[in-house]
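Input: a single structure, listed below in structure tokens.
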Amino acid sequence: MAGSSSPRPSDHIDSDEITSPDIGFRGWLRWFWRQLTSMRTALFLLLLLAAAAVPGSIYPQRSADPNGVTLYFSNQPQLAPWLDRFQFFDVYSSAWFSAIYILLFVSLIGCVVPRSIVHAKAMVAAPPAPPKTFTRLKAKATFEGSTTTLDEAFAELKARRYRVVRDGKTVSAERGYLRETGNLVFHISLIGLLVAVAVGGGLSYSGQRVLIEGETLVNNLGSYDSFAPGTFFNRDSLTPFTVKLKKFEAVFDLQAVNVGTPTDFRATVISRVGVNGKAKTSVIRVNEPLALPGANVYLTGNGYAPVLTFRDANGNVSFSGPVIYLPQDANYTSLGVIKLPDASPKQFGVLSFYYPTVAKLKTGALTSAFPGNVNPAITMSVYVGNLGLDSGMPTNVFSLQVHGLKQVAGGKKHPKVELNKEGQTVELPENLGTVTWDSTKRYASLDIDYNPAQLWIFMFAMLALAGLIVSLLVPRRRVWVRKVSGGFEVGALAKGDDARLEQTVFDLKAKLATKISKKVQK
């Protein structure tokens, strides 16, 4: 009857409240596991891990720069304790960074393992039966055939490396499982890469040392200028070896077009493994490290180290030895710092420049015109006062804080101290004594690096790259040939985009039609 409500079941209950079923504790666990092991969550955790690593590059880390952490507490006494509470000075071993890392592992493993099982079953399963109709297939065709058409289709698809099965009036074929295999190899390699990076980063170490010709590096913590250990590094794991810099040579281009361009750097070293190891002479070049048990020694820098001797007014030596000068430009105009806290009658510091091939600019300033040691010279600016070396705070040996010091040589008011040849002795102002340029040596900056997972990282990276390429290039296709009234029809389906799918159907139809035509002619 119009206007009347439709009849309702006798057990119908009128209620505005919708009650969801209680999924229980196991249901919630299952839901959480599915969310965690989804690819979307894995990608989110990967991005979150990258974001979580950012504070490690902003704030000094205790494992790599303990002095920097101490200095940060001194400069930021209010902010530093709060950052320390949230482990911002120990980012890579912090609880929150480790939690993200572990969740990423679990997520990736939860994604890969079920997919691997499904893929393994699909690899041995027969190609699926065709759909009831090919109407909705993007690639399809019909043609006339003979009684042997299905046999010829079976043989042709087999020759094209399809997995083929014939069932009555249908031939089903499938290929491209290598696409999913490559996808799984990529994700498994990614897990292996993360594990290798974690293990390698925890057990690795990297140390830096500047060696002057004649000096020796001993592989212990006290011999390094700087040292960055991994989270699980043990000093007892250091392989005992020594590396002595015998000679350093630099070759520069002399042609007019490329004059001064470096063509080769060679550090000749004598290495010895163990206490009673045999001495071995080797040459370290850029990108040609010295391989030692437990470490690789890389050449990362070089420069000049003039040997200087400072004497006070009474002739007593207050400093004597090579001074490392850091290059400031391509022609090795180099800056050196000398601090003399024990000088008499008062301590002083020196900012000095070394010019391998001295030249004068139009402004009157000195510079180096060529990086080779052709016409060397040294200039010095002298500062008198408390150098701050007794404060207990670590200071940079390659810098001099001149604030609060009195300049007595150099600058606009005082002439600089100049040394123009080796063996020359020059008096210092303010009755500070003399300085002698004894000789000139070369130095090499060496980086000693150890990572036990280096080979594994390379292998997993190459496997991941190979798997990614395979997953992108190999198409996944299913092809069916079926007998219908009036002839045969071909249909194909691809997983994802496949630009050659329609061409595959056309080629298969043409191939079968050609065989039929040849039989008719015979």
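Going by the structure tokens order, chains are called A, B, ..., each with residues numbered from 1, while ligands are numbered from 1 in the order shown.
Non-sequential neighbours of Leu108 of chain A (distance at most 8 Å, separation of 6 or more positions within a chain, only C-alpha atoms) are A:Thr37, A:Met39, A:Ala42, A:His187, A:Ile191.
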C-alpha atoms of the current selection, written as a compact mmCIF listing (two decimals), in the first residue's frame:
```
# COMPACT_ATOMS: atom_id res chain seq x y z
CA THR A 37 54.29 -5.46 8.05
CA MET A 39 54.94 -1.88 2.67
CA ALA A 42 58.12 0.03 5.94
CA HIS A 187 63.96 -6.42 -0.41
CA ILE A 191 67.49 -6.22 4.91
```
>> I need the alpha helix (DSSP H) residues of segment 150-305 of chain A per DSSP on the backbone, written as a PyMOL selection string.
In response: chain A and resi 150-159+177-203
>> Among segment 389-484 of chain A, which ones does DSSP assign to strand (DSSP E) (computed from the backbone)? Answer as a PyMOL selection string.
In response: chain A and resi 406-409+417-419+425-428+433-450+477-484
> So which residues touch segment 52-68 of chain A within 12 Å, counting only C-alpha atoms, skipping near sequence neighbours fewer than 2 positions away, as a PyMOL selection string?
Replying inline: chain A and resi 45-50+70-76+79-80+83-84+86-101+201-202+204-208+225-233+392-396
>> Which residue is closest to Glu249 of chain A? Choose from A:Glu144, A:Glu213, A:Glu502, A:Asp236 and count only C-alpha atoms.
In response: A:Glu213
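Of the residues under consideration (A:Pro415, A:Gly110, A:Gly294, A:Pro128), A:Gly294 shows the shortest atom-to-atom contact distance to Leu203 of chain A when counting only C-alpha atoms.
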> Counting only C-alpha atoms, which of A:Thr514, A:Asn287, A:Ser445, A:Gln347 gets nearest to Arg209 of chain A?
Replying inline: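 Distance minimum relative to Arg209 of chain A lands on A:Ser445.
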> Near segment 260-263 of chain A, within 9 Å and counting only C-alpha atoms, which residues show up once chain neighbours fewer than 3 positions away are dropped, as JSON, numbers by chain?
Replying inline: {"A": [250, 251, 252, 253, 254, 255, 256, 330, 331, 369, 370, 371, 372]}
Could you take the residues named above and write them with all heavy atoms, as a PDB file, in the first residue's frame?
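part11.pdb, written as the output of this step:
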```pdb
ATOM      1  N   ALA A 250     105.236  15.023  -4.385  1.00  0.00           N
ATOM      2  CA  ALA A 250     104.114  15.593  -5.140  1.00  0.00           C
ATOM      3  C   ALA A 250     104.629  16.042  -6.499  1.00  0.00           C
ATOM      4  O   ALA A 250     105.667  16.704  -6.587  1.00  0.00           O
ATOM      5  CB  ALA A 250     103.494  16.767  -4.391  1.00  0.00           C
ATOM      6  N   VAL A 251     103.922  15.667  -7.548  1.00  0.00           N
ATOM      7  CA  VAL A 251     104.299  16.026  -8.912  1.00  0.00           C
ATOM      8  C   VAL A 251     103.269  17.006  -9.455  1.00  0.00           C
ATOM      9  O   VAL A 251     102.055  16.730  -9.415  1.00  0.00           O
ATOM     10  CB  VAL A 251     104.379  14.772  -9.820  1.00  0.00           C
ATOM     11  CG1 VAL A 251     104.800  15.169 -11.232  1.00  0.00           C
ATOM     12  CG2 VAL A 251     105.348  13.754  -9.231  1.00  0.00           C
ATOM     13  N   PHE A 252     103.756  18.150  -9.965  1.00  0.00           N
ATOM     14  CA  PHE A 252     102.862  19.177 -10.487  1.00  0.00           C
ATOM     15  C   PHE A 252     103.164  19.425 -11.967  1.00  0.00           C
ATOM     16  O   PHE A 252     104.317  19.338 -12.405  1.00  0.00           O
ATOM     17  CB  PHE A 252     103.024  20.486  -9.709  1.00  0.00           C
ATOM     18  CG  PHE A 252     102.748  20.356  -8.245  1.00  0.00           C
ATOM     19  CD1 PHE A 252     103.786  20.220  -7.334  1.00  0.00           C
ATOM     20  CD2 PHE A 252     101.453  20.345  -7.764  1.00  0.00           C
ATOM     21  CE1 PHE A 252     103.542  20.085  -5.985  1.00  0.00           C
ATOM     22  CE2 PHE A 252     101.189  20.214  -6.410  1.00  0.00           C
ATOM     23  CZ  PHE A 252     102.240  20.079  -5.519  1.00  0.00           C
ATOM     24  N   ASP A 253     102.117  19.729 -12.722  1.00  0.00           N
ATOM     25  CA  ASP A 253     102.241  19.966 -14.158  1.00  0.00           C
ATOM     26  C   ASP A 253     102.993  21.274 -14.399  1.00  0.00           C
ATOM     27  O   ASP A 253     102.744  22.284 -13.742  1.00  0.00           O
ATOM     28  CB  ASP A 253     100.847  20.025 -14.789  1.00  0.00           C
ATOM     29  CG  ASP A 253     100.891  19.795 -16.291  1.00  0.00           C
ATOM     30  OD1 ASP A 253     101.951  20.050 -16.898  1.00  0.00           O
ATOM     31  OD2 ASP A 253      99.871  19.357 -16.861  1.00  0.00           O
ATOM     32  N   LEU A 254     103.920  21.236 -15.373  1.00  0.00           N
ATOM     33  CA  LEU A 254     104.719  22.417 -15.691  1.00  0.00           C
ATOM     34  C   LEU A 254     104.322  23.064 -17.009  1.00  0.00           C
ATOM     35  O   LEU A 254     104.916  24.073 -17.395  1.00  0.00           O
ATOM     36  CB  LEU A 254     106.209  22.040 -15.737  1.00  0.00           C
ATOM     37  CG  LEU A 254     106.805  21.526 -14.416  1.00  0.00           C
ATOM     38  CD1 LEU A 254     108.252  21.119 -14.614  1.00  0.00           C
ATOM     39  CD2 LEU A 254     106.696  22.574 -13.321  1.00  0.00           C
ATOM     40  N   GLN A 255     103.333  22.488 -17.708  1.00  0.00           N
ATOM     41  CA  GLN A 255     102.892  23.085 -18.956  1.00  0.00           C
ATOM     42  C   GLN A 255     102.139  24.386 -18.688  1.00  0.00           C
ATOM     43  O   GLN A 255     101.486  24.541 -17.653  1.00  0.00           O
ATOM     44  CB  GLN A 255     102.005  22.112 -19.726  1.00  0.00           C
ATOM     45  CG  GLN A 255     102.736  20.853 -20.164  1.00  0.00           C
ATOM     46  CD  GLN A 255     101.856  19.935 -20.988  1.00  0.00           C
ATOM     47  OE1 GLN A 255     100.742  20.297 -21.334  1.00  0.00           O
ATOM     48  NE2 GLN A 255     102.367  18.751 -21.295  1.00  0.00           N
ATOM     49  N   ALA A 256     102.226  25.292 -19.652  1.00  0.00           N
ATOM     50  CA  ALA A 256     101.677  26.638 -19.450  1.00  0.00           C
ATOM     51  C   ALA A 256     100.182  26.615 -19.187  1.00  0.00           C
ATOM     52  O   ALA A 256      99.663  27.408 -18.393  1.00  0.00           O
ATOM     53  CB  ALA A 256     101.987  27.508 -20.667  1.00  0.00           C
ATOM     54  N   ALA A 330      95.297  26.555  -3.858  1.00  0.00           N
ATOM     55  CA  ALA A 330      95.826  25.521  -4.746  1.00  0.00           C
ATOM     56  C   ALA A 330      97.339  25.601  -4.891  1.00  0.00           C
ATOM     57  O   ALA A 330      97.985  24.604  -5.243  1.00  0.00           O
ATOM     58  CB  ALA A 330      95.172  25.624  -6.121  1.00  0.00           C
ATOM     59  N   ASN A 331      97.930  26.773  -4.639  1.00  0.00           N
ATOM     60  CA  ASN A 331      99.380  26.933  -4.744  1.00  0.00           C
ATOM     61  C   ASN A 331     100.091  26.746  -3.413  1.00  0.00           C
ATOM     62  O   ASN A 331     101.253  27.118  -3.268  1.00  0.00           O
ATOM     63  CB  ASN A 331      99.717  28.312  -5.328  1.00  0.00           C
ATOM     64  CG  ASN A 331      99.404  28.394  -6.808  1.00  0.00           C
ATOM     65  OD1 ASN A 331      99.541  27.412  -7.536  1.00  0.00           O
ATOM     66  ND2 ASN A 331      98.971  29.563  -7.261  1.00  0.00           N
ATOM     67  N   ALA A 369     103.077  31.427  -5.943  1.00  0.00           N
ATOM     68  CA  ALA A 369     102.750  31.385  -7.360  1.00  0.00           C
ATOM     69  C   ALA A 369     102.784  29.972  -7.923  1.00  0.00           C
ATOM     70  O   ALA A 369     102.306  29.748  -9.039  1.00  0.00           O
ATOM     71  CB  ALA A 369     103.725  32.259  -8.153  1.00  0.00           C
ATOM     72  N   PHE A 370     103.330  29.020  -7.166  1.00  0.00           N
ATOM     73  CA  PHE A 370     103.453  27.639  -7.643  1.00  0.00           C
ATOM     74  C   PHE A 370     103.503  26.724  -6.426  1.00  0.00           C
ATOM     75  O   PHE A 370     104.120  27.068  -5.403  1.00  0.00           O
ATOM     76  CB  PHE A 370     104.726  27.495  -8.492  1.00  0.00           C
ATOM     77  CG  PHE A 370     104.912  26.136  -9.105  1.00  0.00           C
ATOM     78  CD1 PHE A 370     104.153  25.749 -10.202  1.00  0.00           C
ATOM     79  CD2 PHE A 370     105.832  25.246  -8.583  1.00  0.00           C
ATOM     80  CE1 PHE A 370     104.317  24.490 -10.770  1.00  0.00           C
ATOM     81  CE2 PHE A 370     106.009  23.987  -9.152  1.00  0.00           C
ATOM     82  CZ  PHE A 370     105.242  23.611 -10.241  1.00  0.00           C
ATOM     83  N   PRO A 371     102.828  25.555  -6.472  1.00  0.00           N
ATOM     84  CA  PRO A 371     102.782  24.697  -5.280  1.00  0.00           C
ATOM     85  C   PRO A 371     104.086  23.976  -4.970  1.00  0.00           C
ATOM     86  O   PRO A 371     104.269  23.486  -3.855  1.00  0.00           O
ATOM     87  CB  PRO A 371     101.671  23.695  -5.608  1.00  0.00           C
ATOM     88  CG  PRO A 371     101.600  23.676  -7.101  1.00  0.00           C
ATOM     89  CD  PRO A 371     101.948  25.053  -7.548  1.00  0.00           C
ATOM     90  N   GLY A 372     105.002  23.906  -5.928  1.00  0.00           N
ATOM     91  CA  GLY A 372     106.283  23.262  -5.677  1.00  0.00           C
ATOM     92  C   GLY A 372     107.212  24.132  -4.855  1.00  0.00           C
ATOM     93  O   GLY A 372     107.109  25.361  -4.831  1.00  0.00           O
TER      94      GLY A 372
END
```
>> Applying 12 Å and only C-alpha atoms, which residues near Asp151 of chain A remain after dropping the ones on its own chain fewer than 2 positions away? List them as an NGL selection string.
In response: :A and (145-149 or 153-158 or 164-172 or 481-483 or 512 or 515-516)
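Between Leu178 of chain A and the residues A:Ala492, A:Val474, A:Ile270, A:Ala343, the shortest atom-to-atom distance, using only C-alpha atoms, involves A:Val474.
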Residues near segment 374-390 of chain A, cut-off 7 Å, only C-alpha atoms, skip fewer than 5 positions along chain, as a JSON list (two decimals) with C-alpha atoms, in the first residue's frame:
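Ended up saving to selection03.json:
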```json
[["chain", "number", "residue", "atom", "x", "y", "z"],
["A", 341, "PRO", "CA", 103.77, 28.50, 26.66],
["A", 347, "GLN", "CA", 104.77, 33.07, 26.62],
["A", 348, "PHE", "CA", 103.74, 33.97, 23.10],
["A", 349, "GLY", "CA", 102.06, 32.57, 20.01],
["A", 350, "VAL", "CA", 102.89, 32.81, 16.32],
["A", 351, "LEU", "CA", 100.63, 32.95, 13.25],
["A", 352, "SER", "CA", 102.84, 32.08, 10.32],
["A", 353, "PHE", "CA", 102.55, 31.69, 6.54],
["A", 354, "TYR", "CA", 104.68, 29.46, 4.34],
["A", 355, "TYR", "CA", 105.06, 30.25, 0.62],
["A", 356, "PRO", "CA", 106.61, 27.41, -1.47],
["A", 357, "THR", "CA", 107.19, 29.81, -4.37],
["A", 358, "VAL", "CA", 106.90, 33.30, -2.96],
["A", 405, "LEU", "CA", 96.87, 39.04, 23.19],
["A", 406, "LYS", "CA", 99.27, 41.86, 22.33],
["A", 407, "GLN", "CA", 100.57, 41.82, 18.74],
["A", 408, "VAL", "CA", 104.27, 42.71, 18.57],
["A", 409, "ALA", "CA", 105.06, 41.62, 15.00],
["A", 410, "GLY", "CA", 102.92, 41.77, 11.86],
["A", 416, "LYS", "CA", 106.46, 40.84, 10.09],
["A", 417, "VAL", "CA", 109.24, 38.44, 10.92],
["A", 418, "GLU", "CA", 110.54, 37.11, 7.57],
["A", 419, "LEU", "CA", 112.68, 34.06, 6.79],
["A", 420, "ASN", "CA", 113.82, 33.77, 3.18],
["A", 421, "LYS", "CA", 116.02, 30.66, 3.16]]
```
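The shortest atom-to-atom distance to Asp312 of chain A, with only C-alpha atoms taken into account, belongs to A:Lys346 out of A:Lys280, A:Arg115, A:Lys346, A:Lys140.
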>> Give me, as a list in words, all polymer residues having an atom no more than 9 Å from Leu245 of chain A, counting only C-alpha atoms and skipping those fewer than 4 positions away in the same chain.
In response: Leu211, Ile212, Glu213, Gly214, Glu215, Thr216, Leu217, Ala267, Thr268, Val269, Ile270, Ser271, Tyr443 and Ala444 of chain A
Keeping only N, CA and C atoms, take the residues you just selected and write them out as an mmCIF file, in the first residue's frame.
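Dumped to result33.cif:
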```cif
data_model
loop_
_atom_site.group_PDB
_atom_site.id
_atom_site.type_symbol
_atom_site.label_atom_id
_atom_site.label_comp_id
_atom_site.auth_asym_id
_atom_site.auth_seq_id
_atom_site.Cartn_x
_atom_site.Cartn_y
_atom_site.Cartn_z
ATOM 1 N N LEU A 211 101.297 12.565 9.456
ATOM 2 C CA LEU A 211 102.656 12.043 9.623
ATOM 3 C C LEU A 211 103.635 12.925 8.877
ATOM 4 N N ILE A 212 104.644 13.401 9.572
ATOM 5 C CA ILE A 212 105.742 14.127 8.947
ATOM 6 C C ILE A 212 106.812 13.113 8.549
ATOM 7 N N GLU A 213 107.523 13.393 7.486
ATOM 8 C CA GLU A 213 108.559 12.475 7.015
ATOM 9 C C GLU A 213 109.472 12.066 8.167
ATOM 10 N N GLY A 214 109.583 10.745 8.341
ATOM 11 C CA GLY A 214 110.400 10.206 9.424
ATOM 12 C C GLY A 214 109.591 9.765 10.630
ATOM 13 N N GLU A 215 108.328 10.192 10.743
ATOM 14 C CA GLU A 215 107.497 9.800 11.881
ATOM 15 C C GLU A 215 106.797 8.465 11.621
ATOM 16 N N THR A 216 106.365 7.840 12.725
ATOM 17 C CA THR A 216 105.746 6.509 12.655
ATOM 18 C C THR A 216 104.404 6.522 13.357
ATOM 19 N N LEU A 217 103.428 5.913 12.713
ATOM 20 C CA LEU A 217 102.113 5.700 13.318
ATOM 21 C C LEU A 217 102.069 4.294 13.899
ATOM 22 N N ALA A 267 103.087 8.698 -1.303
ATOM 23 C CA ALA A 267 103.587 8.587 0.063
ATOM 24 C C ALA A 267 104.267 7.233 0.202
ATOM 25 N N THR A 268 105.576 7.235 0.283
ATOM 26 C CA THR A 268 106.335 5.996 0.462
ATOM 27 C C THR A 268 106.393 5.667 1.948
ATOM 28 N N VAL A 269 105.857 4.521 2.319
ATOM 29 C CA VAL A 269 105.764 4.147 3.733
ATOM 30 C C VAL A 269 106.403 2.782 3.958
ATOM 31 N N ILE A 270 106.820 2.578 5.185
ATOM 32 C CA ILE A 270 107.345 1.278 5.624
ATOM 33 C C ILE A 270 106.391 0.745 6.683
ATOM 34 N N SER A 271 105.747 -0.358 6.398
ATOM 35 C CA SER A 271 104.773 -0.936 7.330
ATOM 36 C C SER A 271 105.315 -2.228 7.925
ATOM 37 N N TYR A 443 104.655 16.485 4.806
ATOM 38 C CA TYR A 443 103.806 15.634 5.636
ATOM 39 C C TYR A 443 102.659 15.080 4.803
ATOM 40 N N ALA A 444 102.075 14.011 5.291
ATOM 41 C CA ALA A 444 100.928 13.380 4.633
ATOM 42 C C ALA A 444 99.847 13.142 5.676
#
```
